[in-house]
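Remarks on the structure that follows.
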Amino acid sequence: MTATELDWGEPRPIPFGDGRGAFAWLASGAEPASLRPALDLEHGAPVLVISGGAADLSGAELARTERVLGAAVPAAVELSGAVVVDGGTSSGVMAVIGAARARRPDAMPVLVGVAPAGRVGFPGGPQGDRVPLEPNHSHFVLADSGEWGGETALLIDLAAALAHRHRPVMALAGGGPIATSEVLAAVRRGWPVFVIQGTGGLADALLSLWSVRHPPARRGADRLIHGLSRPPAPAPITDPDLREIIDTGDLRPVTADDPVALARRLAWELQDESILKSAWQEFASCDAMAKRLRTLFTRFQSTILVLGVTATLLALAYDEAHWRFLHWLVVAAPILVSVLIALAGRHAAGQRWVLLRGAAETIKSEIFRYRTRTPPYDEASTPAARIATLAERVDTIKGRLMQTEVSSGELAEYNGPLPPTMYGAGRSDDGLSRLGAERYLSIRLSDQVAYYTGRVGSLSRRRWVYQVIAIAAGGAGSLLAAMGFDVWVGLTGGIAAAALAYLGYLQTDNTIVTYNLAATRLAALSRHWRALSPDERDTTAFLGLVEGTETVLTTELAGWVQQMKDAMAELKSRDDEQGDSQRRSA
């Protein structure tokens, strides 16, 4: 089929029946950018390109494509406002995407199919031995070609033109030689390519080659078992196209059977929000480091407490038995405690944990204010001004942090997925899209209440356990005294003191009170919003909801940070005294 035989100078409607219709263009010599106004995309939009198997995608591979990609694409498009471009025919991965649009047309308003004019059929047009166009697409652009693959250059150029200043993203399921050409073209333009494992064809072949050339780094026990020697070099890739894709491509393996996670990843890549992404990176780095330091701090303090009790036990046993080997243990135990106290003070893990946690949550609050267009990021500001304000405020938070004890230790960069994996409704949040009232309530307010409630339950159980230990130790001490074993009363007293000291280090009582108060105030804000009529839920009410929520969270955070700072200062003073005492006793 040639351009002369069709001769479409203007878009042509295609009536697919059942109320479905689409517009088609014959792109014969036309610049792809000229189609932007016809699609109401004068300024461009994020573009998601779907590539992969057609007739050869079937069975379990087709089922996985439907389950993962078919569910993820509408969700990602709804979050990012992207345009979807694919091969347009009613087979394989294109049929999956068309069916996904049929289920959620509002989520995916623009689905553009690109196909060779001489190979496809449609109502009111050429029929015969042709592959029908998929009827749930909104638009088609036909290449002036009679061969499969003749549309590849047009598809890639059209995606780039529709994206304009954005960077298109490609998703691959299955695929053969034509998909290889599409992926190669995307790689040469620097587009990320999400490759769905378990869909056969090119997708599985690429992931097999990728896993050999990009093995996960060995660490921990693996290094001890396998040593530091490098694995043998993989066999060379003979196909030059596959070799170029593997060597230079930005491939993103999709191995999990989780469309929510994939939608989140796609939406993140589709949106051009570099400053907001940088803010999430700063949050994630502070958050991850805070978690590591909290673990280190609790382990240090637990070890010091256990060794303190052990030292008491050894001293009492030596007084009773006078075994010579116990003498050296009695001498060594307090020395070891002193060393650990010195290391804990030197590392300042507790202080750094608290400061990093405070910075992380402050950055997170700025991110949510930005995404809800709450002052200072309200609609009265220009987009450039909002971005500049976010960058400035995040830099200020990070600058203040660097003037504290945090700068005295390691500051590892976070290398995991962005935004970091959340829980509850936030699990599906892409971290970038603008938030309305219901979405904000779900992923910010309600999830935070759920977090506080869960933490209160966990901390209450922990408090109960350690209180039982302290009470039981006290009771055991009274019993031993009554039985005439007065010498061992010191050990039970030490155990009781250690259990209560552990709770004091973590400020368990104060944290439970703080979390309960914050959860109560947040729940009241939610109830107030729900009680408003639809007419009352205007912009002013929404801004009040966000301001109230962020104020509660900021107040809770400031109170917690101050409590923990005071606790860390007291702990340091106590540890210094204990260290001096242990050294004197040694």
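Letters A, B, ... go to the chains of the structure tokens in the order shown; residues in each chain start at 1; ligands are counted from 1 in the same order.
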
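When the distance limit is 8 Å and only C-alpha atoms are what count, the residues near Phe122 of chain A, minus those fewer than 3 positions from it on the same chain, are Ile14, Phe16, Gly125, Pro126, Gln127, Pro132 and Leu133 of chain A.
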
Okay, now the selection with N, CA and C atoms, as a compact mmCIF listing (two decimals), in the first residue's frame?
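Saved the output as result_5.txt:
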```txt
# COMPACT_ATOMS: atom_id res chain seq x y z
N ILE A 14 -12.14 6.46 11.93
CA ILE A 14 -12.35 5.02 11.76
C ILE A 14 -13.45 4.60 12.73
N PHE A 16 -15.21 1.97 14.64
CA PHE A 16 -15.04 0.56 15.00
C PHE A 16 -16.34 -0.06 15.51
N GLY A 125 -11.79 0.73 5.30
CA GLY A 125 -10.51 0.80 4.61
C GLY A 125 -10.16 -0.54 4.01
N PRO A 126 -8.90 -0.76 3.67
CA PRO A 126 -8.47 -2.03 3.07
C PRO A 126 -8.78 -3.21 3.99
N GLN A 127 -9.17 -4.32 3.42
CA GLN A 127 -9.45 -5.54 4.18
C GLN A 127 -8.55 -6.65 3.63
N PRO A 132 -5.95 -6.75 11.56
CA PRO A 132 -6.82 -5.63 11.93
C PRO A 132 -6.17 -4.72 12.97
N LEU A 133 -6.50 -3.45 12.89
CA LEU A 133 -6.08 -2.51 13.93
C LEU A 133 -6.86 -2.78 15.21
```

Which of segment 23-239 of chain A end up as strand (DSSP E) when DSSP is run on this backbone - answer as number ranges by chain?
A: 23-27, 47-52, 83-86, 111-116, 120-121, 131-132, 139-143, 169-173, 192-196

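When the distance limit is 6 Å and only C-alpha atoms are what count, the residues near segment 430-446 of chain A, minus those fewer than 2 positions from it on the same chain, are Leu79, Arg264, Ala267, Trp268, Arg371, Thr372, Pro419, Ala425, Gly426, Gln448 and Val449 of chain A.
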
Would you save the residues of that selection, restricted to C-alpha atoms, as a PDB file, in the first residue's frame?
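And here's selection-v7.pdb as it stands now:
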```
ATOM      1  CA  LEU A  79      -0.280   9.276  37.576  1.00  0.00           C
ATOM      2  CA  ARG A 264       5.226   3.335  40.328  1.00  0.00           C
ATOM      3  CA  ALA A 267       5.410   6.934  36.504  1.00  0.00           C
ATOM      4  CA  TRP A 268       8.629   8.024  38.213  1.00  0.00           C
ATOM      5  CA  ARG A 371       2.875  18.242  45.603  1.00  0.00           C
ATOM      6  CA  THR A 372      -0.308  19.730  47.103  1.00  0.00           C
ATOM      7  CA  PRO A 419      10.786   7.029  45.899  1.00  0.00           C
ATOM      8  CA  ALA A 425      -1.664   3.341  50.352  1.00  0.00           C
ATOM      9  CA  GLY A 426       1.740   4.968  49.829  1.00  0.00           C
ATOM     10  CA  GLN A 448       0.749   8.294  59.087  1.00  0.00           C
ATOM     11  CA  VAL A 449      -2.047   7.473  61.536  1.00  0.00           C
TER      12      VAL A 449
END
```

Here is a test: counting only C-alpha atoms, which residue of A:Pro46, A:Gly98, A:Gly350, A:Gly198 is nearest to Tyr505 of chain A?
A:Gly350

Where in segment 50-210 of chain A does DSSP assign alpha helix (DSSP H), given as a ChimeraX atom specification?
/A:59-64,70-80,92-103,152-163,177-188,201-210

Residues from last step as file, C-alpha atoms, as a compact mmCIF listing (two decimals), in the first residue's frame:
```txt
# COMPACT_ATOMS: atom_id res chain seq x y z
CA GLY A 59 0.06 -18.87 26.80
CA ALA A 60 1.78 -18.16 30.12
CA GLU A 61 3.84 -15.39 28.54
CA LEU A 62 0.72 -13.57 27.36
CA ALA A 63 -0.92 -14.10 30.77
CA ARG A 64 2.05 -12.52 32.55
CA GLY A 70 -1.70 -4.57 31.31
CA ALA A 71 -2.41 -3.49 34.88
CA ALA A 72 0.63 -1.25 35.32
CA VAL A 73 0.33 0.90 32.19
CA PRO A 74 -3.05 2.57 32.95
CA ALA A 75 -1.98 3.26 36.54
CA ALA A 76 1.33 4.77 35.44
CA VAL A 77 -0.36 6.87 32.74
CA GLU A 78 -2.99 8.13 35.17
CA LEU A 79 -0.28 9.28 37.58
CA SER A 80 2.00 10.84 34.98
CA GLY A 92 -0.04 -9.69 21.38
CA VAL A 93 1.12 -6.86 23.60
CA MET A 94 -0.84 -4.24 21.57
CA ALA A 95 -4.08 -6.12 22.22
CA VAL A 96 -3.20 -6.23 25.92
CA ILE A 97 -2.72 -2.47 26.06
CA GLY A 98 -5.89 -1.84 24.02
CA ALA A 99 -7.90 -4.01 26.42
CA ALA A 100 -6.37 -2.11 29.34
CA ARG A 101 -7.57 1.17 27.84
CA ALA A 102 -11.04 -0.32 27.30
CA ARG A 103 -11.21 -1.09 31.02
CA THR A 152 9.84 1.38 13.26
CA ALA A 153 11.53 4.66 12.35
CA LEU A 154 8.17 6.47 12.35
CA LEU A 155 7.19 5.01 15.72
CA ILE A 156 10.45 6.14 17.35
CA ASP A 157 10.40 9.58 15.70
CA LEU A 158 6.75 10.10 16.62
CA ALA A 159 7.39 9.16 20.27
CA ALA A 160 10.29 11.62 20.42
CA ALA A 161 8.20 14.36 18.76
CA LEU A 162 5.21 13.87 21.07
CA ALA A 163 7.49 13.89 24.10
CA PRO A 177 13.33 -8.86 15.22
CA ILE A 178 11.07 -5.80 14.92
CA ALA A 179 11.11 -5.27 18.69
CA THR A 180 14.91 -5.59 18.57
CA SER A 181 15.04 -2.69 16.10
CA GLU A 182 12.74 -0.62 18.30
CA VAL A 183 14.73 -1.30 21.46
CA LEU A 184 18.00 -0.58 19.67
CA ALA A 185 16.64 2.76 18.45
CA ALA A 186 15.46 3.61 21.97
CA VAL A 187 18.85 2.69 23.46
CA ARG A 188 20.65 4.90 20.94
CA GLY A 201 11.23 -13.70 23.10
CA LEU A 202 13.54 -10.72 23.11
CA ALA A 203 12.65 -9.71 26.67
CA ASP A 204 13.86 -12.94 28.26
CA ALA A 205 16.88 -13.10 25.94
CA LEU A 206 17.98 -9.62 26.98
CA LEU A 207 17.51 -10.35 30.67
CA SER A 208 19.50 -13.57 30.36
CA LEU A 209 22.42 -11.71 28.76
CA TRP A 210 22.04 -8.79 31.18
```

For the atom pair atom CA of Ile196 of chain A and atom CA of Leu262 of chain A, what is the interatomic distance in Å to one decimal place?
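It comes out at 9.6 Å.
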
Best match for closeness to Gln351 of chain A among A:Ala171, A:Ala38, A:Leu293, A:Val309, counting only C-alpha atoms:
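Of A:Ala171, A:Ala38, A:Leu293, A:Val309, the one nearest Gln351 of chain A is A:Leu293, counting only C-alpha atoms.
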
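Atom pair atom CA of Gly494 of chain A / atom CA of Leu459 of chain A has a distance of 22.6 Å (rounded to one decimal).
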
Residues within 9 Å of Ile469 of chain A, please, as a PyMOL selection string. Count only C-alpha atoms; anything in the same chain fewer than 2 positions from it doesn't count.
chain A and resi 464-467+471-474+495-496+499-500

Put those residues in a file: N, CA and C atoms, as a PDB file, in the first residue's frame.
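Output file again31.pdb follows:
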```
ATOM      1  N   TRP A 464       6.169  -3.579  77.835  1.00  0.00           N
ATOM      2  CA  TRP A 464       5.611  -4.586  78.743  1.00  0.00           C
ATOM      3  C   TRP A 464       6.628  -5.680  79.024  1.00  0.00           C
ATOM      4  N   VAL A 465       7.319  -6.148  77.978  1.00  0.00           N
ATOM      5  CA  VAL A 465       8.307  -7.226  78.147  1.00  0.00           C
ATOM      6  C   VAL A 465       9.419  -6.785  79.091  1.00  0.00           C
ATOM      7  N   TYR A 466       9.972  -5.594  78.842  1.00  0.00           N
ATOM      8  CA  TYR A 466      11.103  -5.155  79.678  1.00  0.00           C
ATOM      9  C   TYR A 466      10.658  -4.784  81.085  1.00  0.00           C
ATOM     10  N   GLN A 467       9.442  -4.306  81.235  1.00  0.00           N
ATOM     11  CA  GLN A 467       8.943  -4.045  82.577  1.00  0.00           C
ATOM     12  C   GLN A 467       8.752  -5.344  83.351  1.00  0.00           C
ATOM     13  N   ILE A 471      10.525  -6.231  86.817  1.00  0.00           N
ATOM     14  CA  ILE A 471       9.747  -6.618  88.008  1.00  0.00           C
ATOM     15  C   ILE A 471      10.141  -8.014  88.473  1.00  0.00           C
ATOM     16  N   ALA A 472      10.305  -8.932  87.493  1.00  0.00           N
ATOM     17  CA  ALA A 472      10.680 -10.300  87.849  1.00  0.00           C
ATOM     18  C   ALA A 472      12.054 -10.332  88.503  1.00  0.00           C
ATOM     19  N   ALA A 473      12.990  -9.518  87.964  1.00  0.00           N
ATOM     20  CA  ALA A 473      14.325  -9.476  88.556  1.00  0.00           C
ATOM     21  C   ALA A 473      14.265  -8.920  89.980  1.00  0.00           C
ATOM     22  N   GLY A 474      13.437  -7.866  90.168  1.00  0.00           N
ATOM     23  CA  GLY A 474      13.290  -7.328  91.521  1.00  0.00           C
ATOM     24  C   GLY A 474      12.710  -8.349  92.481  1.00  0.00           C
ATOM     25  N   ILE A 495      20.102  -6.491  86.535  1.00  0.00           N
ATOM     26  CA  ILE A 495      19.229  -6.885  85.429  1.00  0.00           C
ATOM     27  C   ILE A 495      18.032  -5.952  85.340  1.00  0.00           C
ATOM     28  N   ALA A 496      17.425  -5.652  86.477  1.00  0.00           N
ATOM     29  CA  ALA A 496      16.274  -4.750  86.490  1.00  0.00           C
ATOM     30  C   ALA A 496      16.669  -3.363  85.985  1.00  0.00           C
ATOM     31  N   ALA A 499      17.184  -3.407  82.138  1.00  0.00           N
ATOM     32  CA  ALA A 499      15.936  -3.451  81.371  1.00  0.00           C
ATOM     33  C   ALA A 499      15.277  -2.077  81.320  1.00  0.00           C
ATOM     34  N   LEU A 500      15.241  -1.393  82.467  1.00  0.00           N
ATOM     35  CA  LEU A 500      14.626  -0.063  82.494  1.00  0.00           C
ATOM     36  C   LEU A 500      15.480   0.969  81.761  1.00  0.00           C
TER      37      LEU A 500
END
```

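Of the residues listed (A:Gly559, A:Gly490, A:Gly128, A:Pro240), A:Gly559 shows the shortest atom-to-atom separation from Leu517 of chain A; distances use only C-alpha atoms.
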
With distances taken over only C-alpha atoms, which residue among A:Leu479, A:Leu142, A:Ala173, A:Ala107 lies nearest Pro11 of chain A?
A:Leu142

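Here the question is which of A:Leu57, A:Val83, A:Thr382, A:Ser533 gets nearest to Asp40 of chain A using only C-alpha atoms, and that residue is A:Val83.
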
For Arg252 of chain A, list every protein, DNA or RNA residue within 7 Å, evaluated using only C-alpha atoms, and leave out those in the same chain fewer than 6 positions away; present the list as a PDB file with N, CA and C atoms, in the first residue's frame.
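Below you can see part_23.pdb, which holds the result:
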```
ATOM      1  N   VAL A 193      14.630   1.400  29.206  1.00  0.00           N
ATOM      2  CA  VAL A 193      13.801   0.318  28.680  1.00  0.00           C
ATOM      3  C   VAL A 193      13.485  -0.655  29.818  1.00  0.00           C
ATOM      4  N   PHE A 194      12.204  -0.750  30.193  1.00  0.00           N
ATOM      5  CA  PHE A 194      11.757  -1.700  31.207  1.00  0.00           C
ATOM      6  C   PHE A 194      11.474  -3.036  30.523  1.00  0.00           C
ATOM      7  N   VAL A 195      12.154  -4.086  30.962  1.00  0.00           N
ATOM      8  CA  VAL A 195      12.078  -5.386  30.312  1.00  0.00           C
ATOM      9  C   VAL A 195      11.342  -6.354  31.230  1.00  0.00           C
TER      10      VAL A 195
END
```

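For the set A:Met289, A:Phe368, A:Pro375, A:Leu491, the residue with the smallest atom-to-atom gap to Ala311 of chain A is A:Leu491, counting only C-alpha atoms.
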
When you look at Arg265 of chain A with a cut-off of 8 Å (counting only C-alpha atoms), what residues show up, excluding the ones that are within fewer than 4 positions of it in the same chain? I need them as a ChimeraX atom specification.
/A:261,269,418,430

Do you know which residues are at most 10 Å from Met422 of chain A counting only C-alpha atoms, after dropping those on the same chain fewer than 5 positions away, and could you put them as a ChimeraX atom specification?
/A:427-429,443,447
